[in-house]
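As provided, query13.txt (compact mmCIF, C-alpha atoms) reads as follows.
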# COMPACT_ATOMS: atom_id res chain seq x y z
CA MET A 1 99.62 124.13 108.83
CA ARG A 2 101.93 127.01 108.15
CA ARG A 3 105.62 127.32 108.58
CA THR A 4 105.14 129.96 111.25
CA THR A 5 103.29 127.43 113.39
CA LEU A 6 106.33 125.19 113.34
CA GLN A 7 108.56 128.05 114.42
CA VAL A 8 106.42 129.64 117.10
CA HIS A 9 107.79 127.79 120.11
CA GLU A 10 111.15 128.75 121.47
CA SER A 11 112.33 126.01 123.74
CA SER A 12 112.92 126.58 127.40
CA ALA A 13 114.56 123.14 127.73
CA LYS A 14 117.14 123.72 125.03
CA PRO A 15 120.25 125.65 126.04
CA ALA A 16 120.10 129.22 124.81
CA GLY A 17 122.04 129.79 121.65
CA ALA A 18 122.27 126.10 120.62
CA PRO A 19 121.67 126.03 116.88
CA LYS A 20 118.49 124.33 115.74
CA ILE A 21 118.64 121.33 113.45
CA ARG A 22 117.95 122.41 109.86
CA LEU A 23 115.13 120.12 108.69
CA ALA A 24 113.74 119.99 105.15
CA THR A 25 110.97 117.96 103.53
CA ALA A 26 110.55 117.56 99.78
CA TRP A 27 107.78 116.27 97.53
CA LEU A 28 108.65 114.41 94.32
CA GLY A 29 106.31 111.98 92.49
CA GLY A 30 103.83 111.13 95.24
CA CYS A 31 100.34 112.02 96.42
CA SER A 32 101.42 114.18 99.43
CA GLY A 33 99.92 111.57 101.75
CA CYS A 34 103.28 111.22 103.53
CA HIS A 35 103.26 114.95 104.25
CA MET A 36 99.67 114.69 105.53
CA SER A 37 100.83 111.90 107.84
CA PHE A 38 103.76 114.11 108.91
CA LEU A 39 101.27 116.81 109.91
CA ASP A 40 99.42 114.13 111.90
CA LEU A 41 102.36 114.23 114.32
CA ASP A 42 100.02 116.74 116.02
CA GLU A 43 101.43 117.99 119.35
CA ARG A 44 104.77 116.44 118.54
CA LEU A 45 105.17 119.14 115.88
CA ILE A 46 105.60 121.59 118.75
CA GLU A 47 108.28 119.40 120.27
CA LEU A 48 109.88 119.18 116.84
CA ALA A 49 109.78 122.94 116.35
CA GLU A 50 111.69 123.38 119.60
CA VAL A 51 114.73 121.57 118.25
CA ALA A 52 114.40 121.93 114.49
CA GLU A 53 113.88 124.71 112.00
CA LEU A 54 111.93 123.84 108.84
CA VAL A 55 114.09 125.34 106.09
CA TYR A 56 112.37 123.87 103.01
CA SER A 57 109.04 122.11 102.51
CA PRO A 58 105.94 122.02 100.30
CA ILE A 59 104.07 123.29 103.36
CA ALA A 60 106.34 126.37 103.50
CA ASP A 61 106.71 128.93 100.73
CA ILE A 62 110.43 128.57 100.00
CA LYS A 63 111.50 128.44 96.36
CA GLU A 64 115.11 127.28 96.48
CA PHE A 65 116.44 124.23 98.29
CA PRO A 66 118.85 125.84 100.82
CA GLU A 67 122.44 124.98 101.70
CA ASN A 68 123.55 123.19 104.88
CA VAL A 69 120.46 121.12 105.55
CA ASP A 70 120.93 118.60 108.36
CA VAL A 71 118.06 116.21 107.61
CA CYS A 72 115.80 116.03 104.52
CA LEU A 73 112.74 113.77 104.28
CA VAL A 74 111.91 113.07 100.63
CA GLU A 75 108.41 111.94 99.70
CA GLY A 76 107.68 110.47 96.27
CA ALA A 77 109.45 108.57 93.52
CA VAL A 78 111.64 110.13 90.84
CA ALA A 79 109.35 110.45 87.82
CA ASN A 80 110.47 113.49 85.78
CA VAL A 81 113.48 115.69 85.03
CA ASP A 82 112.56 118.22 87.74
CA HIS A 83 112.57 115.42 90.32
CA VAL A 84 116.05 114.33 89.18
CA LYS A 85 117.36 117.89 89.49
CA LEU A 86 115.80 118.48 92.92
CA ALA A 87 117.01 115.09 94.17
CA GLN A 88 120.57 115.98 93.18
CA GLU A 89 120.32 119.37 94.89
CA ILE A 90 118.95 117.70 98.01
CA ARG A 91 121.86 115.25 98.07
CA ALA A 92 124.46 117.94 97.50
CA ARG A 93 123.09 120.21 100.23
CA SER A 94 121.91 117.74 102.94
CA LYS A 95 123.85 115.71 105.48
CA VAL A 96 121.16 113.03 105.91
CA VAL A 97 118.67 112.13 103.16
CA VAL A 98 115.69 109.96 104.11
CA SER A 99 113.40 108.10 101.69
CA PHE A 100 110.07 109.02 103.20
CA GLY A 101 107.24 106.60 102.36
CA ASP A 102 106.75 103.80 99.85
CA CYS A 103 106.95 105.90 96.66
CA ALA A 104 110.44 107.13 97.57
CA VAL A 105 111.45 103.71 98.89
CA THR A 106 110.03 101.41 96.18
CA GLY A 107 108.48 103.54 93.41
CA ASN A 108 105.09 102.25 94.62
CA VAL A 109 101.97 103.57 92.87
CA THR A 110 103.95 106.18 90.94
CA SER A 111 105.92 103.40 89.27
CA LEU A 112 102.84 101.49 88.09
CA ARG A 113 103.37 103.24 84.74
CA ASN A 114 106.72 101.50 84.22
CA ARG A 115 105.06 98.67 82.30
CA LEU A 116 104.33 101.27 79.58
CA GLY A 117 106.88 103.34 77.66
CA VAL A 118 106.59 107.12 78.13
CA ASP A 119 105.16 107.61 74.61
CA ASP A 120 102.58 104.85 75.11
CA LEU A 121 101.63 106.37 78.43
CA LEU A 122 101.16 109.91 77.11
CA ASN A 123 99.30 108.67 74.04
CA GLN A 124 96.92 106.55 76.09
CA VAL A 125 96.23 109.23 78.68
CA TYR A 126 96.21 112.38 76.53
CA GLN A 127 96.33 111.90 72.75
CA ASN A 128 93.78 109.06 72.77
CA GLY A 129 91.99 110.25 75.88
CA PRO A 130 89.46 113.01 76.41
CA GLY A 131 90.72 116.55 75.80
CA SER A 132 94.18 117.49 74.64
CA VAL A 133 96.95 118.41 77.02
CA PRO A 134 100.27 119.79 75.76
CA ARG A 135 103.18 117.51 76.43
CA GLY A 136 105.38 120.48 77.32
CA GLU A 137 108.53 118.92 75.98
CA GLY A 138 109.52 121.93 73.89
CA ASP A 139 109.05 124.69 76.45
CA GLU A 140 110.02 122.68 79.57
CA VAL A 141 107.06 124.25 81.43
CA VAL A 142 105.71 120.79 82.10
CA PRO A 143 108.73 118.71 83.17
CA ARG A 144 109.57 115.84 80.84
CA LEU A 145 108.85 112.35 82.19
CA ILE A 146 111.88 110.09 82.56
CA GLU A 147 111.68 106.68 80.88
CA ARG A 148 111.17 104.73 84.11
CA VAL A 149 109.99 105.89 87.52
CA LEU A 150 112.78 105.16 90.02
CA PRO A 151 112.97 104.79 93.78
CA LEU A 152 115.05 107.63 95.27
CA HIS A 153 118.03 105.42 96.17
CA GLN A 154 118.52 104.56 92.50
CA VAL A 155 119.09 108.26 91.75
CA ILE A 156 121.00 109.52 94.79
CA GLN A 157 122.56 107.92 97.85
CA VAL A 158 119.97 107.57 100.62
CA ASP A 159 120.86 107.26 104.30
CA ALA A 160 117.62 105.95 105.85
CA PHE A 161 114.28 104.51 104.79
CA ILE A 162 110.80 104.99 106.26
CA PRO A 163 108.45 102.55 104.46
CA GLY A 164 104.67 102.86 104.53
CA CYS A 165 101.87 104.21 102.34
CA PRO A 166 101.77 106.51 104.10
CA PRO A 167 104.08 105.83 107.05
CA ASP A 168 101.92 106.39 110.13
CA PRO A 169 102.89 109.25 112.48
CA GLU A 170 104.39 106.79 115.00
CA ARG A 171 106.86 105.54 112.40
CA ILE A 172 107.69 109.06 111.30
CA TRP A 173 108.26 110.12 114.89
CA ALA A 174 110.41 107.06 115.65
CA ALA A 175 112.61 107.90 112.66
CA VAL A 176 112.67 111.68 112.98
CA SER A 177 113.30 111.72 116.73
CA ALA A 178 116.23 109.30 116.24
CA LEU A 179 117.67 111.56 113.54
CA LEU A 180 117.27 114.63 115.73
CA ARG A 181 119.23 112.85 118.46
CA GLY A 182 121.91 112.11 115.87
CA GLU A 183 121.19 108.37 116.00
CA PRO A 184 120.68 105.99 113.07
CA VAL A 185 117.10 105.14 112.10
CA VAL A 186 116.26 101.67 113.42
CA LEU A 187 112.56 100.87 112.99
CA SER A 188 110.98 97.84 114.64
CA ALA A 189 109.58 95.08 112.38
CA ASP A 190 106.00 96.34 112.63
CA MET A 191 107.17 99.80 111.53
CA ARG A 192 109.11 98.50 108.51
CA ARG A 193 106.17 97.03 106.61
CA PHE A 194 105.49 98.31 103.11
CA GLY A 195 101.96 99.33 102.19
CA MET B 1 111.02 55.28 115.05
CA SER B 2 114.70 55.80 115.75
CA VAL B 3 116.06 58.95 117.30
CA VAL B 4 118.93 61.02 115.95
CA THR B 5 120.92 63.68 117.76
CA LEU B 6 122.08 66.83 116.07
CA THR B 7 123.49 70.21 117.05
CA VAL B 8 121.47 73.35 116.30
CA ASN B 9 123.05 76.71 117.07
CA ASP B 10 125.51 75.07 119.51
CA GLU B 11 122.82 73.09 121.37
CA LEU B 12 122.30 69.33 121.31
CA VAL B 13 118.85 68.39 120.02
CA SER B 14 117.00 65.09 119.55
CA ALA B 15 114.80 64.43 116.55
CA GLN B 16 113.06 61.51 114.90
CA ALA B 17 114.87 59.98 111.95
CA GLY B 18 113.16 60.98 108.73
CA GLN B 19 111.94 64.34 110.06
CA SER B 20 112.75 67.38 107.96
CA LEU B 21 115.22 69.80 109.45
CA LEU B 22 112.63 72.59 109.14
CA ALA B 23 110.11 70.60 111.24
CA VAL B 24 112.73 70.18 113.98
CA LEU B 25 113.72 73.87 113.89
CA LYS B 26 110.08 74.86 114.21
CA GLU B 27 109.60 72.48 117.15
CA LEU B 28 112.52 74.23 118.81
CA GLY B 29 110.63 77.49 118.43
CA LEU B 30 113.18 78.99 116.06
CA GLU B 31 111.79 81.58 113.69
CA ILE B 32 112.78 80.38 110.24
CA PRO B 33 111.27 82.41 107.37
CA THR B 34 109.37 80.35 104.79
CA LEU B 35 107.14 81.04 101.79
CA CYS B 36 106.72 77.90 99.67
CA HIS B 37 106.41 75.65 102.74
CA LEU B 38 102.92 75.06 104.10
CA GLU B 39 102.13 72.39 106.67
CA GLY B 40 99.94 69.76 105.05
CA LEU B 41 101.46 70.10 101.57
CA SER B 42 104.51 68.35 100.14
CA GLU B 43 107.77 70.31 100.33
CA ARG B 44 109.15 72.06 97.28
CA GLY B 45 112.36 73.80 98.42
CA GLY B 46 111.67 76.54 95.93
CA CYS B 47 111.71 79.85 97.80
CA ARG B 48 115.07 79.17 99.54
CA LEU B 49 114.17 81.38 102.52
CA CYS B 50 114.72 78.53 105.02
CA LEU B 51 118.36 78.10 103.97
CA VAL B 52 120.64 76.96 106.81
CA GLU B 53 124.34 76.25 107.19
CA VAL B 54 125.31 72.61 107.78
CA GLU B 55 128.89 71.97 108.91
CA GLY B 56 130.99 70.10 106.35
CA ASN B 57 128.87 71.33 103.46
CA ASN B 58 129.85 74.59 101.81
CA LYS B 59 126.46 74.91 100.13
CA LEU B 60 123.52 76.39 102.01
CA LEU B 61 120.71 73.84 102.38
CA PRO B 62 116.96 74.53 102.41
CA ALA B 63 115.79 73.12 105.76
CA CYS B 64 112.39 72.06 104.39
CA VAL B 65 113.84 69.41 102.06
CA THR B 66 116.84 68.42 104.21
CA PRO B 67 116.24 65.34 106.39
CA VAL B 68 117.83 65.36 109.85
CA GLN B 69 120.95 63.23 110.21
CA GLU B 70 122.91 61.91 113.17
CA GLY B 71 125.67 64.30 114.18
CA MET B 72 124.51 67.11 111.90
CA VAL B 73 125.76 70.57 113.01
CA VAL B 74 123.33 73.30 111.95
CA THR B 75 123.43 77.11 112.11
CA THR B 76 120.17 78.96 111.43
CA HIS B 77 120.86 82.69 111.85
CA SER B 78 124.43 83.62 110.85
CA ASP B 79 125.13 87.01 109.24
CA ARG B 80 125.65 85.19 105.95
CA LEU B 81 122.22 83.54 106.13
CA VAL B 82 120.44 86.76 107.05
CA LYS B 83 122.21 88.47 104.13
CA TYR B 84 121.10 85.79 101.66
CA ARG B 85 117.52 85.68 102.96
CA ARG B 86 117.26 89.42 102.50
CA MET B 87 118.67 89.14 98.97
CA ILE B 88 116.11 86.45 98.13
CA LEU B 89 113.26 88.67 99.32
CA GLU B 90 114.61 91.68 97.43
CA LEU B 91 114.82 89.62 94.24
CA LEU B 92 111.24 88.43 94.71
CA PHE B 93 110.07 92.03 95.09
CA ALA B 94 112.12 93.14 92.07
CA GLU B 95 110.88 90.34 89.80
CA ARG B 96 107.17 91.23 89.60
CA ASN B 97 104.90 94.12 90.54
CA HIS B 98 104.42 93.73 94.28
CA VAL B 99 102.95 97.14 95.02
CA CYS B 100 101.81 96.49 98.59
CA ALA B 101 99.83 99.72 98.94
CA VAL B 102 97.34 98.67 96.25
CA CYS B 103 97.22 94.91 96.90
CA VAL B 104 94.22 92.93 98.13
CA MET B 105 96.49 91.23 100.69
CA ASN B 106 98.07 94.40 102.10
CA GLY B 107 98.54 93.76 105.82
CA ARG B 108 98.07 89.98 105.58
CA CYS B 109 100.61 89.04 102.91
CA GLU B 110 103.32 86.54 103.84
CA LEU B 111 105.85 88.11 101.45
CA GLN B 112 105.25 91.55 102.96
CA ALA B 113 105.46 90.15 106.52
CA ASN B 114 108.71 88.29 105.79
CA ALA B 115 110.28 91.45 104.35
CA ALA B 116 109.35 93.44 107.45
CA SER B 117 110.56 90.83 109.91
CA ILE B 118 113.88 90.26 108.13
CA GLY B 119 114.61 94.00 107.95
CA MET B 120 114.27 94.52 104.20
CA ASP B 121 113.53 98.26 104.17
CA HIS B 122 114.35 98.75 100.47
CA VAL B 123 115.26 96.78 97.35
CA ARG B 124 118.77 97.23 95.97
CA TYR B 125 118.06 95.62 92.59
CA ASP B 126 116.40 97.18 89.54
CA TYR B 127 112.68 96.46 89.43
CA LEU B 128 111.85 94.49 86.29
CA SER B 129 108.27 95.93 86.16
CA PRO B 130 107.07 93.19 83.79
CA ASP B 131 103.88 93.68 81.78
CA LEU B 132 101.83 90.82 83.25
CA PRO B 133 98.14 90.00 82.82
CA MET B 134 95.42 89.19 85.32
CA ASP B 135 93.06 86.29 84.71
CA ALA B 136 89.61 87.39 85.88
CA SER B 137 87.69 84.85 83.79
CA HIS B 138 86.62 82.71 86.77
CA ASP B 139 83.22 83.41 88.35
CA ARG B 140 84.55 83.56 91.92
CA PHE B 141 88.31 84.06 91.88
CA VAL B 142 91.06 86.08 90.22
CA LEU B 143 94.66 85.15 89.33
CA ASP B 144 97.00 88.15 89.31
CA HIS B 145 100.41 87.19 87.89
CA ASN B 146 101.83 90.51 89.11
CA ARG B 147 101.78 89.23 92.70
CA CYS B 148 102.79 85.61 92.05
CA ILE B 149 106.07 84.37 93.56
CA LEU B 150 105.81 80.89 92.00
CA CYS B 151 105.75 79.13 95.38
CA THR B 152 103.43 76.50 93.77
CA ARG B 153 101.28 76.10 96.89
CA CYS B 154 98.26 76.38 94.56
CA VAL B 155 99.64 73.67 92.27
CA ARG B 156 100.28 71.34 95.20
CA VAL B 157 97.02 71.90 97.10
CA CYS B 158 95.00 71.36 93.93
CA ASP B 159 96.87 68.18 93.08
CA GLU B 160 97.44 66.69 96.53
CA ILE B 161 94.36 67.74 98.51
CA GLU B 162 91.61 68.52 96.01
CA GLY B 163 92.84 65.95 93.46
CA ALA B 164 91.97 68.11 90.45
CA HIS B 165 95.43 69.30 89.30
CA VAL B 166 94.10 72.37 87.52
CA TRP B 167 97.31 74.34 88.08
CA ASP B 168 100.76 73.84 86.69
CA VAL B 169 103.84 75.86 85.82
CA MET B 170 104.74 76.87 82.27
CA GLY B 171 108.07 78.26 81.06
CA ARG B 172 111.46 78.61 82.71
CA GLY B 173 113.09 81.01 85.14
CA VAL B 174 111.84 84.58 85.02
CA ASN B 175 109.34 83.61 82.30
CA SER B 176 107.62 80.96 84.43
CA ARG B 177 103.87 81.33 84.79
CA ILE B 178 101.15 79.53 86.70
CA ILE B 179 98.69 78.14 84.15
CA ALA B 180 95.23 76.58 84.38
CA ASP B 181 94.72 73.30 82.48
CA LEU B 182 96.39 73.59 79.06
CA ASN B 183 97.24 77.30 79.45
CA GLN B 184 93.70 78.61 79.07
CA PRO B 185 91.59 81.18 80.92
CA TRP B 186 90.79 79.84 84.40
CA GLY B 187 87.06 80.33 83.83
CA THR B 188 87.15 77.89 80.90
CA SER B 189 88.93 75.16 82.88
CA THR B 190 86.96 71.92 82.84
CA SER B 191 88.97 70.38 85.70
CA CYS B 192 88.50 73.23 88.23
CA THR B 193 85.97 72.29 90.94
CA ASN B 194 85.65 75.93 92.14
CA CYS B 195 86.71 74.79 95.63
CA GLY B 196 88.97 77.80 96.30
CA LYS B 197 91.69 75.85 98.14
CA CYS B 198 94.34 77.43 95.90
CA VAL B 199 93.11 80.89 96.87
CA GLN B 200 93.24 80.10 100.59
CA VAL B 201 96.83 78.80 100.54
CA CYS B 202 98.31 81.52 98.29
CA PRO B 203 100.74 83.54 100.44
CA THR B 204 100.35 86.77 98.46
CA GLY B 205 97.63 88.57 96.53
CA ALA B 206 98.20 86.44 93.41
CA LEU B 207 95.02 84.44 94.03
CA HIS B 208 92.08 86.24 95.56
CA ALA B 209 88.31 86.40 95.68
CA ARG B 210 86.62 88.27 92.88
CA GLY B 211 85.54 91.71 94.03
CA ALA B 212 88.10 92.00 96.84
CA THR B 213 89.82 95.36 96.89
CA VAL B 214 92.86 96.80 98.68
CA ALA B 215 93.65 95.07 102.00
CA GLU B 216 90.29 93.25 102.00
CA MET B 217 91.41 89.68 101.41
CA GLU B 218 91.71 87.25 104.32
CA LYS B 219 92.88 83.69 103.93
CA GLN B 220 92.54 80.59 106.13
CA HIS B 221 94.87 77.59 106.06
CA ASP B 222 93.09 75.66 108.82
CA PHE B 223 91.09 73.51 106.38
CA LEU B 224 94.29 71.68 105.39
CA ARG B 225 94.74 70.32 108.91
CA TRP B 226 91.06 69.33 109.18
CA ILE B 227 91.10 67.46 105.88
CA LEU B 228 94.38 65.70 106.59
CA ASP B 229 93.39 64.74 110.16
CA GLY B 230 90.21 63.26 108.75
CA ARG B 231 91.95 61.33 106.02
CA GLU B 232 94.96 60.17 107.99
CA LYS B 233 93.64 59.82 111.57
CA LYS B 234 89.90 59.44 110.86
CA GLN B 235 89.41 62.39 113.16
CA TRP B 236 86.55 64.38 111.68
CA GLU B 237 85.61 66.72 114.51
CA HIS B 238 87.48 69.89 115.23
CA ASN B 239 87.20 72.54 117.85
CA ARG B 240 87.26 75.77 115.93

Can the structure from this file be put into structure tokens for me?
Amino acid sequence: MRRTTLQVHESSAKPAGAPKIRLATAWLGGCSGCHMSFLDLDERLIELAEVAELVYSPIADIKEFPENVDVCLVEGAVANVDHVKLAQEIRARSKVVVSFGDCAVTGNVTSLRNRLGVDDLLNQVYQNGPGSVPRGEGDEVVPRLIERVLPLHQVIQVDAFIPGCPPDPERIWAAVSALLRGEPVVLSADMRRFG
Amino acid sequence: MSVVTLTVNDELVSAQAGQSLLAVLKELGLEIPTLCHLEGLSERGGCRLCLVEVEGNNKLLPACVTPVQEGMVVTTHSDRLVKYRRMILELLFAERNHVCAVCVMNGRCELQANAASIGMDHVRYDYLSPDLPMDASHDRFVLDHNRCILCTRCVRVCDEIEGAHVWDVMGRGVNSRIIADLNQPWGTSTSCTNCGKCVQVCPTGALHARGATVAEMEKQHDFLRWILDGREKKQWEHNR
């Protein structure tokens, strides 16, 4: 899926000249499964592209998180210093921030390392493990891990939550279509389940 | 048996004296969340999810261990109660490592289901992420302390139904742990009969079959009713 695909369709239903909703998606400490599930919206992506413009996303080649974003879906927990920085940019530049999937909502699998300190973790995985991988703390090429993996709402204010690992496309659509209509996200009980 | 009359959510209701309030609320078809309660076992009043408001008492009362009384005025779903039930669930999730996505009971867990039905879409408290062990020393079953909510269904079913009393609780508060015999690996327990009743009644993934992986575990509570009907009513045949 390329960004151009999302932008191909110009709506005939939408009044000419009405500005499109500026939608962003971001990927912090997660497996990208939530984004895969987002792409599983299938034909609904066309409907989405008629009312929204994708202004930032791991599936689009855009380097800087832009200004004036209306809605941002954030996949993944906050695990390193780059995640903290991006999360703060997202908050500063977005009207509505959504925790997208269990890692963003709870820390989930990404936070399984919290029982170990960062040094213990790196020693067990790299120093004592096969091969040697630079820790990257000096040059900041590899972002430094923060002491504990955090759910997004413990780092920035979050406006809505979409649980699920990953959230299935029906949940994503229920939430996203509500946001596009300017309504609050209210998921039914079967769409709120973690896991 | 004498009958008492009480008021539940502004409606007059009759109940038998001696019944628990929770039993009456369930008969009325009200959806009261529970975790430590399981029909067929003694009540513990430990999880506090079934808290209700009773007029004249400024404390919230757990319905499972509150007997019905004449003239009692009960509220089951006020904003205050929903708020507290959600807090209780959030604290349970924050206390240990309930990572639903990689749990054997994903999709069938009572903790997970209660969170979804009550509207708990995130946890506002800091996760404690404790470093807890798993006991995989038993030939057939595994105890995973990471998923345990200390409901003590396992303790009660082992004591009251199986009569072995393998399980007990050690420690206090956040340091409480389920232990086998005198705090030894489950596989070395000399009192365990390997019956698996504890596994079947466990509401989460804390007790599960050895070899089960993510979302594979299914549990059945029906055996409790069969055993108790046999013992108490001498009724040994059941239509499955």

- Task: Please provide the set of residues having any atom within 8 Å of range 110-121 of chain A, restricted to all atoms listed in the file, with same-chain residues fewer than 5 positions apart removed, written as a PyMOL selection string.
- Result: (chain A and resi 29-30+76-77+79+103+145-150) or (chain B and resi 129-131)

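Each of A:Pro166, A:Pro143, A:Gly33, A:Pro184 was checked against chain B using all atoms listed in the file; the smallest atom-to-atom distance is that of A:Pro166.
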
- Given only C-alpha atoms as the counted atoms, nearest of A:Val155, A:Ala24, A:Ala92, A:Ile59 to chain B: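 Nearest to chain B: A:Val155.
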
Wanna dump the chain B-chain A contacts at 9 Å for me, each residue with its shortest atom pair and the distance in Å to one decimal, counting only C-alpha atoms, ordered by chain and number, as CSV?
residue,atom,partner,partner_atom,distance
B:Asn97,CA,A:Leu112,CA,8.0
B:His98,CA,A:Asn108,CA,8.6
B:Val99,CA,A:Asn108,CA,5.6
B:Cys100,CA,A:Gly195,CA,4.6
B:Ala101,CA,A:Gly195,CA,3.9
B:Val102,CA,A:Val109,CA,7.5
B:Cys103,CA,A:Gly195,CA,8.4
B:Asn106,CA,A:Gly195,CA,6.3
B:Gly107,CA,A:Gly195,CA,7.5
B:Gln112,CA,A:Arg193,CA,6.6
B:Ala113,CA,A:Arg193,CA,6.9
B:Ala115,CA,A:Arg193,CA,7.3
B:Ala116,CA,A:Arg193,CA,4.9
B:Ser117,CA,A:Ala189,CA,5.0
B:Ile118,CA,A:Ala189,CA,7.7
B:Gly119,CA,A:Ala189,CA,6.8
B:Met120,CA,A:Arg192,CA,7.8
B:Asp121,CA,A:Arg192,CA,6.2
B:His122,CA,A:Val105,CA,6.0
B:Val123,CA,A:Thr106,CA,7.1
B:Arg124,CA,A:Gln154,CA,8.1
B:Tyr125,CA,A:Gln154,CA,9.0
B:Asp126,CA,A:Gln154,CA,8.2
B:Tyr127,CA,A:Leu150,CA,8.7
B:Leu128,CA,A:Arg115,CA,8.9
B:Ser129,CA,A:Arg115,CA,5.7
B:Pro130,CA,A:Arg115,CA,6.0
B:Asp131,CA,A:Arg115,CA,5.2
B:Leu132,CA,A:Arg115,CA,8.5

- Identify, on the basis of all atoms listed in the file, every residue whose closest approach to range 22-39 of chain B does not exceed 9 Å; exclude the query and any residue fewer than 2 positions from it along the same chain; express the result as an MDAnalysis selection string. chainID B and resid 8 13:16 19:20 41:51 62:68 76:77 85 110:111 114 117:118 149:153 201 203 221 224:225

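We find CA of Ser191 in chain B and CA of His165 in chain B to be spaced 7.5 Å apart.
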
- Min atom-atom distance to Ala52 in chain A from the set A:Glu170, A:Lys20, A:Leu180, A:Cys31, counting all atoms listed in the file, belongs to A:Lys20

- Find the distance between CA of Met105 in chain B and CA of Leu207 in chain B and write it in Å to one decimal.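 Separating CA of Met105 in chain B from CA of Leu207 in chain B is a distance of 9.6 Å.
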
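Considering all atoms listed in the file, the residue among B:Val155, B:Gly173, B:Cys109, B:Arg231 positioned nearest to Lys219 in chain B is B:Cys109.
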
Counting all atoms listed in the file, find the residues whose atoms lie at most 9 Å from (103.1, 112.7, 110.6) (file coordinates) and write them out as a PDB file with C-alpha atoms, keeping the file's coordinate frame.
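Writing done, so here's selection20.pdb:
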ATOM      1  CA  CYS A  34     103.280 111.220 103.530  1.00  0.00           C
ATOM      2  CA  HIS A  35     103.260 114.950 104.250  1.00  0.00           C
ATOM      3  CA  MET A  36      99.670 114.690 105.530  1.00  0.00           C
ATOM      4  CA  SER A  37     100.830 111.900 107.840  1.00  0.00           C
ATOM      5  CA  PHE A  38     103.760 114.110 108.910  1.00  0.00           C
ATOM      6  CA  LEU A  39     101.270 116.810 109.910  1.00  0.00           C
ATOM      7  CA  ASP A  40      99.420 114.130 111.900  1.00  0.00           C
ATOM      8  CA  LEU A  41     102.360 114.230 114.320  1.00  0.00           C
ATOM      9  CA  ASP A  42     100.020 116.740 116.020  1.00  0.00           C
ATOM     10  CA  ARG A  44     104.770 116.440 118.540  1.00  0.00           C
ATOM     11  CA  LEU A  45     105.170 119.140 115.880  1.00  0.00           C
ATOM     12  CA  PRO A 167     104.080 105.830 107.050  1.00  0.00           C
ATOM     13  CA  ASP A 168     101.920 106.390 110.130  1.00  0.00           C
ATOM     14  CA  PRO A 169     102.890 109.250 112.480  1.00  0.00           C
ATOM     15  CA  GLU A 170     104.390 106.790 115.000  1.00  0.00           C
ATOM     16  CA  ARG A 171     106.860 105.540 112.400  1.00  0.00           C
ATOM     17  CA  ILE A 172     107.690 109.060 111.300  1.00  0.00           C
ATOM     18  CA  TRP A 173     108.260 110.120 114.890  1.00  0.00           C
TER      19      TRP A 173
END

- Item | For CA of Ala175 in chain A and CA of Leu48 in chain A, the interatomic separation in Å (one decimal) |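 One can read the CA of Ala175 in chain A to CA of Leu48 in chain A distance as 12.3 Å.
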
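In terms of minimum interatomic distance to Pro19 in chain A, A:Val51 ranks closest within A:Val51, A:Ser32, A:Ile46, A:Asn68, counting only C-alpha atoms.
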
- Note on the structure: From the list B:Val73, B:His238, B:Glu95, B:Met134, the nearest residue to Arg210 in chain B using only C-alpha atoms is B:Met134

- Query: Counting all atoms listed in the file, what is within 7 Å of Asp70 in chain A, bar same-chain residues fewer than 2 positions away, as a ChimeraX atom specification?
  - Reply: /A:21-23,68,72,94-96
